[in-house]
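Source file: data30.cif. Holds: mmCIF, C-alpha atoms.
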```cif
data_input
#
loop_
_atom_site.label_atom_id
_atom_site.label_comp_id
_atom_site.auth_asym_id
_atom_site.auth_seq_id
_atom_site.Cartn_x
_atom_site.Cartn_y
_atom_site.Cartn_z
CA GLU Q 1460 -28.69 3.20 15.74
CA ALA Q 1461 -30.91 2.97 12.64
CA ASP Q 1462 -27.84 3.23 10.38
CA TYR Q 1463 -26.08 0.54 12.39
CA GLN Q 1464 -29.12 -1.73 12.12
CA LYS Q 1465 -29.03 -1.39 8.30
CA PHE Q 1466 -25.29 -2.04 8.38
CA ALA Q 1467 -25.77 -5.18 10.49
CA GLU Q 1468 -28.47 -6.52 8.18
CA LYS Q 1469 -26.24 -6.14 5.10
CA SER Q 1470 -22.93 -6.99 6.75
CA GLU Q 1471 -22.82 -10.66 5.78
CA LYS Q 1472 -23.35 -9.86 2.08
CA ARG Q 1473 -20.93 -6.93 2.10
CA SER Q 1474 -18.05 -8.30 4.13
CA PHE Q 1475 -15.04 -10.51 3.72
CA ALA Q 1476 -14.40 -12.96 6.52
CA PHE Q 1477 -10.70 -13.66 6.74
CA GLY Q 1478 -11.63 -17.12 8.00
CA ARG Q 1479 -12.68 -18.03 4.42
CA TRP Q 1480 -9.09 -17.39 3.45
CA LEU Q 1481 -7.23 -18.55 6.54
CA PRO Q 1482 -9.45 -20.35 9.06
CA SER Q 1483 -7.31 -19.57 12.11
CA MET Q 1484 -7.41 -15.87 11.27
CA GLY Q 1485 -11.20 -15.95 11.27
CA ARG Q 1486 -11.13 -16.57 14.98
CA MET Q 1487 -8.89 -13.56 15.61
CA VAL Q 1488 -10.07 -10.89 13.18
CA ARG Q 1489 -13.62 -9.72 12.52
CA PRO Q 1490 -14.82 -9.59 8.90
CA LEU Q 1491 -13.62 -6.73 6.75
CA VAL Q 1492 -16.41 -4.39 5.65
CA PRO Q 1493 -16.50 -1.67 2.96
CA GLY Q 1494 -14.54 1.37 4.01
CA GLU Q 1495 -11.92 -0.49 6.01
CA LEU Q 1496 -8.26 -0.50 5.07
CA VAL Q 1497 -5.87 -3.38 5.68
CA VAL Q 1498 -2.12 -3.14 5.13
CA LEU Q 1499 0.04 -6.25 4.86
CA LEU Q 1500 3.76 -5.67 5.35
CA ALA Q 1501 6.56 -8.16 4.77
CA ASP Q 1502 10.09 -8.37 3.42
CA THR Q 1503 10.83 -8.80 -0.26
CA GLY Q 1504 10.46 -12.33 -1.57
CA VAL Q 1505 8.33 -13.81 1.21
CA GLY Q 1506 5.22 -14.29 -0.94
CA LYS Q 1507 3.09 -11.16 -0.54
CA THR Q 1508 1.80 -11.37 -4.11
CA ALA Q 1509 0.91 -15.06 -3.74
CA LEU Q 1510 -0.79 -14.28 -0.43
CA LEU Q 1511 -2.80 -11.43 -1.99
CA GLN Q 1512 -3.77 -13.56 -4.99
CA ASN Q 1513 -4.94 -16.32 -2.67
CA LEU Q 1514 -6.91 -13.79 -0.63
CA ALA Q 1515 -8.50 -12.45 -3.83
CA ARG Q 1516 -9.50 -15.98 -4.89
CA LYS Q 1517 -11.09 -16.70 -1.52
CA ALA Q 1518 -13.00 -13.38 -1.54
CA ALA Q 1519 -15.69 -14.73 -3.91
CA PRO Q 1520 -18.44 -13.74 -4.40
CA ASN Q 1521 -17.10 -10.27 -3.54
CA SER Q 1522 -15.80 -8.44 -6.61
CA VAL Q 1523 -12.05 -7.82 -6.41
CA LEU Q 1524 -9.97 -5.26 -8.28
CA LEU Q 1525 -6.28 -6.18 -8.06
CA PHE Q 1526 -3.68 -3.59 -9.00
CA GLU Q 1527 -0.53 -5.58 -9.72
CA LEU Q 1528 2.19 -2.96 -10.11
CA GLU Q 1529 5.20 -5.27 -10.10
CA LEU Q 1530 4.42 -8.33 -12.25
CA PRO Q 1531 3.26 -8.24 -15.86
CA GLY Q 1532 -0.27 -9.52 -16.38
CA SER Q 1533 0.97 -12.70 -18.09
CA LEU Q 1534 2.94 -13.79 -15.00
CA LEU Q 1535 0.07 -12.82 -12.72
CA PHE Q 1536 -2.20 -15.06 -14.81
CA GLU Q 1537 0.34 -17.90 -14.64
CA ARG Q 1538 0.40 -17.62 -10.85
CA PHE Q 1539 -3.41 -17.70 -10.66
CA ILE Q 1540 -3.38 -20.89 -12.77
CA GLN Q 1541 -0.67 -22.38 -10.55
CA GLN Q 1542 -2.86 -21.80 -7.49
CA ASP Q 1543 -6.03 -23.03 -9.17
CA CYS Q 1544 -4.51 -26.21 -10.61
CA GLY Q 1545 -1.82 -26.97 -8.03
CA LEU Q 1546 0.97 -26.70 -10.60
CA ILE Q 1547 4.35 -25.00 -10.65
CA GLY Q 1548 5.12 -22.23 -13.13
CA GLU Q 1549 7.16 -24.44 -15.46
CA GLU Q 1550 4.27 -26.91 -15.73
CA VAL Q 1551 1.85 -24.15 -16.69
CA LEU Q 1552 4.31 -22.74 -19.25
CA SER Q 1553 5.05 -26.17 -20.71
CA ALA Q 1554 1.34 -27.00 -21.03
CA TYR Q 1555 0.66 -23.76 -22.93
CA LYS Q 1556 3.71 -24.27 -25.17
CA GLN Q 1557 2.39 -27.72 -26.09
CA GLY Q 1558 -1.04 -26.28 -26.88
CA ASN Q 1559 -2.62 -28.17 -24.00
CA PRO Q 1560 -3.48 -25.52 -21.37
CA PRO Q 1561 -4.35 -26.74 -17.88
CA ALA Q 1562 -8.05 -27.10 -17.11
CA TRP Q 1563 -8.33 -24.13 -14.78
CA HIS Q 1564 -11.69 -23.10 -13.39
CA ASP Q 1565 -12.52 -19.64 -14.72
CA ASP Q 1566 -15.60 -19.54 -12.49
CA ARG Q 1567 -13.25 -19.45 -9.48
CA LEU Q 1568 -11.51 -16.38 -10.90
CA ALA Q 1569 -14.46 -14.59 -12.54
CA HIS Q 1570 -14.87 -12.19 -9.59
CA ILE Q 1571 -11.28 -10.91 -9.95
CA TRP Q 1572 -10.34 -8.07 -12.27
CA THR Q 1573 -6.75 -6.90 -12.65
CA CYS Q 1574 -4.88 -3.78 -13.64
CA ASP Q 1575 -1.20 -4.41 -14.31
CA ARG Q 1576 -0.07 -0.93 -15.31
CA SER Q 1577 3.09 -0.05 -13.42
CA GLY Q 1578 3.82 3.44 -12.16
CA VAL Q 1579 0.20 4.44 -11.62
CA THR Q 1580 -0.56 7.48 -9.51
CA PRO Q 1581 -3.13 7.59 -6.72
CA GLU Q 1582 -5.34 9.65 -9.02
CA GLU Q 1583 -5.16 6.95 -11.73
CA ILE Q 1584 -6.06 4.28 -9.16
CA GLU Q 1585 -9.08 6.34 -8.12
CA ARG Q 1586 -10.11 6.76 -11.76
CA VAL Q 1587 -9.84 3.03 -12.46
CA ILE Q 1588 -11.94 2.30 -9.37
CA ALA Q 1589 -14.53 4.89 -10.41
CA ASP Q 1590 -14.65 3.45 -13.97
CA ALA Q 1591 -14.68 -0.18 -12.79
CA PRO Q 1592 -18.47 -0.64 -12.93
CA GLN Q 1593 -18.39 -0.27 -16.74
CA LYS Q 1594 -15.93 -3.17 -17.06
CA MET Q 1595 -16.83 -5.26 -14.02
CA GLY Q 1596 -20.58 -4.67 -13.97
CA CYS Q 1597 -20.36 -3.48 -10.36
CA LYS Q 1598 -18.17 -1.47 -8.03
CA PRO Q 1599 -15.32 -3.52 -6.60
CA SER Q 1600 -15.97 -4.74 -3.06
CA ILE Q 1601 -12.27 -5.22 -2.41
CA VAL Q 1602 -9.36 -3.27 -3.89
CA ILE Q 1603 -5.87 -4.73 -3.57
CA VAL Q 1604 -2.72 -2.77 -4.45
CA ASP Q 1605 0.44 -4.86 -4.83
CA TYR Q 1606 2.48 -3.12 -3.85
CA ILE Q 1607 1.92 0.38 -2.50
CA GLY Q 1608 5.60 1.33 -2.76
CA LEU Q 1609 5.31 1.25 -6.56
CA VAL Q 1610 2.50 3.79 -6.66
CA ARG Q 1611 3.97 6.92 -8.20
CA SER Q 1612 3.54 10.10 -6.17
CA LYS Q 1613 4.62 13.71 -6.27
CA GLY Q 1614 6.31 13.52 -2.86
CA ALA Q 1615 10.08 13.33 -3.15
CA ARG Q 1616 10.71 12.32 0.45
CA SER Q 1617 9.46 9.07 1.94
CA GLU Q 1618 7.26 10.92 4.44
CA GLU Q 1619 5.60 12.96 1.67
CA HIS Q 1620 5.03 9.82 -0.41
CA THR Q 1621 3.46 8.01 2.54
CA SER Q 1622 1.30 10.99 3.46
CA GLU Q 1623 0.02 11.38 -0.11
CA LEU Q 1624 -0.80 7.68 -0.39
CA GLN Q 1625 -2.60 7.77 2.98
CA SER Q 1626 -4.81 10.67 1.88
CA HIS Q 1627 -5.76 8.76 -1.26
CA SER Q 1628 -6.31 5.53 0.68
CA ASP Q 1629 -8.89 7.40 2.72
CA LEU Q 1630 -10.65 8.46 -0.49
CA VAL Q 1631 -10.59 4.90 -1.85
CA CYS Q 1632 -12.19 3.70 1.39
CA ARG Q 1633 -14.90 6.34 1.08
CA LEU Q 1634 -15.58 5.31 -2.53
CA LEU Q 1635 -15.97 1.68 -1.50
CA LEU Q 1636 -18.15 2.63 1.44
CA GLU Q 1637 -20.59 4.27 -0.97
CA LYS Q 1638 -21.10 0.93 -2.73
CA LYS Q 1639 -24.79 0.11 -3.25
#
```
In structure tokens, how does this file's structure come out?
Amino acid sequence: EADYQKFAEKSEKRSFAFGRWLPSMGRMVRPLVPGELVVLLADTGVGKTALLQNLARKAAPNSVLLFELELPGSLLFERFIQQDCGLIGEEVLSAYKQGNPPAWHDDRLAHIWTCDRSGVTPEEIERVIADAPQKMGCKPSIVIVDYIGLVRSKGARSEEHTSELQSHSDLVCRLLLEKK
């Protein structure tokens, strides 16, 4: 009970309420706290990356570490600017080509750190998370992997790959739970 009391007292500062991201979801899902794992599944091309980027933006002031394993960092940046400024990709590209970048609000993205190395292993993800405080100034509160199918594993069969990723997901959750 004493541990739960401490948890309850810190929960507002150490949680992410989905309602900040999607108000209707806030009524259906309790806030996410360190140590919990959420998996979002959808078909190719439906906007998972955009959804995860939007979630990361709305997670402030929580520190977010986003592993983007599919898009290069430059396109990920372009998409963040699109969301922040309400532009389409061609408008962002055109503005930069003309030497007149859009006035995006870096303070709204300052809590997000990205790693865009493709083909990372679960061990490399764990190492980046463990080393994050040196770059970010704190442990990440939220870790997003987009998308888990591009994490390289030793398992040749789908079941082995899934099992290996699950065992590492458990470790990542434990690392985040140890925050502060």
Exercise for review: Identify which of the residues Q:Phe1475, Q:Ala1569, Q:Gly1596, Q:Asp1590 lies closest to Val1488 (chain Q), counting all atoms listed in the file when measuring atom-to-atom distances.
Suggested key: Q:Phe1475
Exercise for review: Find the residues near region 1597-1604 of chain Q: any atom within 8 Å, counting all atoms listed in the file, skip ones fewer than 6 places away on the same chain, and give them as a PyMOL selection string.
Suggested key: chain Q and resi 1473+1493+1511+1521-1528+1588-1589+1591+1635+1638
Compute the distance from (-2.1, -16.3, -10.8) to each atom, counting only C-alpha atoms, keep the residues with any atom at most 10 Å away, and return them as a PDB file with C-alpha atoms, in the coordinates of the input; use the coordinates of the file.
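Once written, out_39.pdb looks like this:
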```
ATOM      1  CA  THR Q1508       1.800 -11.370  -4.110  1.00  0.00           C
ATOM      2  CA  ALA Q1509       0.910 -15.060  -3.740  1.00  0.00           C
ATOM      3  CA  GLN Q1512      -3.770 -13.560  -4.990  1.00  0.00           C
ATOM      4  CA  ASN Q1513      -4.940 -16.320  -2.670  1.00  0.00           C
ATOM      5  CA  ARG Q1516      -9.500 -15.980  -4.890  1.00  0.00           C
ATOM      6  CA  GLY Q1532      -0.270  -9.520 -16.380  1.00  0.00           C
ATOM      7  CA  SER Q1533       0.970 -12.700 -18.090  1.00  0.00           C
ATOM      8  CA  LEU Q1534       2.940 -13.790 -15.000  1.00  0.00           C
ATOM      9  CA  LEU Q1535       0.070 -12.820 -12.720  1.00  0.00           C
ATOM     10  CA  PHE Q1536      -2.200 -15.060 -14.810  1.00  0.00           C
ATOM     11  CA  GLU Q1537       0.340 -17.900 -14.640  1.00  0.00           C
ATOM     12  CA  ARG Q1538       0.400 -17.620 -10.850  1.00  0.00           C
ATOM     13  CA  PHE Q1539      -3.410 -17.700 -10.660  1.00  0.00           C
ATOM     14  CA  ILE Q1540      -3.380 -20.890 -12.770  1.00  0.00           C
ATOM     15  CA  GLN Q1541      -0.670 -22.380 -10.550  1.00  0.00           C
ATOM     16  CA  GLN Q1542      -2.860 -21.800  -7.490  1.00  0.00           C
ATOM     17  CA  ASP Q1543      -6.030 -23.030  -9.170  1.00  0.00           C
ATOM     18  CA  GLY Q1548       5.120 -22.230 -13.130  1.00  0.00           C
ATOM     19  CA  LEU Q1568     -11.510 -16.380 -10.900  1.00  0.00           C
TER      20      LEU Q1568
END
```
Practice item. Grab the CA of Gly1504 (chain Q) to CA of Tyr1606 (chain Q) distance for me, in Å with one decimal place. Key: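 If I compute the distance from CA of Gly1504 (chain Q) to CA of Tyr1606 (chain Q), I get 12.4 Å.
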Point to revise | Near-Phe1466 (chain Q) list (12 Å; only C-alpha atoms; drop same-chain fewer than 5 positions) as a PyMOL selection string | key: chain Q and resi 1460-1461+1471-1474+1492-1493+1636+1639
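Across Q:Asp1462, Q:Glu1495, Q:Glu1529, Q:Asp1502, the tightest approach to Cys1574 (chain Q) is made by Q:Glu1529 when counting all atoms listed in the file.
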Practice item. Work out how far apart CA of Val1498 (chain Q) and CA of Lys1594 (chain Q) are and give it in Å to one decimal. Key: 26.1 Å
**Study point:** From Q:Val1497, Q:Arg1611, Q:Ala1515, Q:Gly1506, residue lying nearest Trp1480 (chain Q) [only C-alpha atoms]
**Key:** Q:Ala1515
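Between CA of Lys1507 (chain Q) and CA of Ile1571 (chain Q) the separation is 17.2 Å.
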Exercise for review: Could you check which of Q:Leu1546, Q:Ala1476, Q:Leu1496, Q:Ala1501 is closest to Leu1514 (chain Q), using all atoms listed in the file?
Suggested key: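 Of the candidates, the smallest distance to Leu1514 (chain Q) is held by Q:Ala1476.
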Point to revise | Counting only C-alpha atoms, the residue of Q:Lys1465, Q:Ile1607, Q:Ser1612, Q:Glu1582 that sits nearest Leu1499 (chain Q) | key: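 Ranked by minimum distance to Leu1499 (chain Q), first place goes to Q:Ile1607.
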Practice item. Can you work out which one of Q:Leu1609, Q:Glu1549, Q:Met1487, Q:Leu1500 has the shortest atom-to-atom distance to Arg1576 (chain Q), counting all atoms listed in the file? Key: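 Going through Q:Leu1609, Q:Glu1549, Q:Met1487, Q:Leu1500 one by one, the smallest distance to Arg1576 (chain Q) is for Q:Leu1609.
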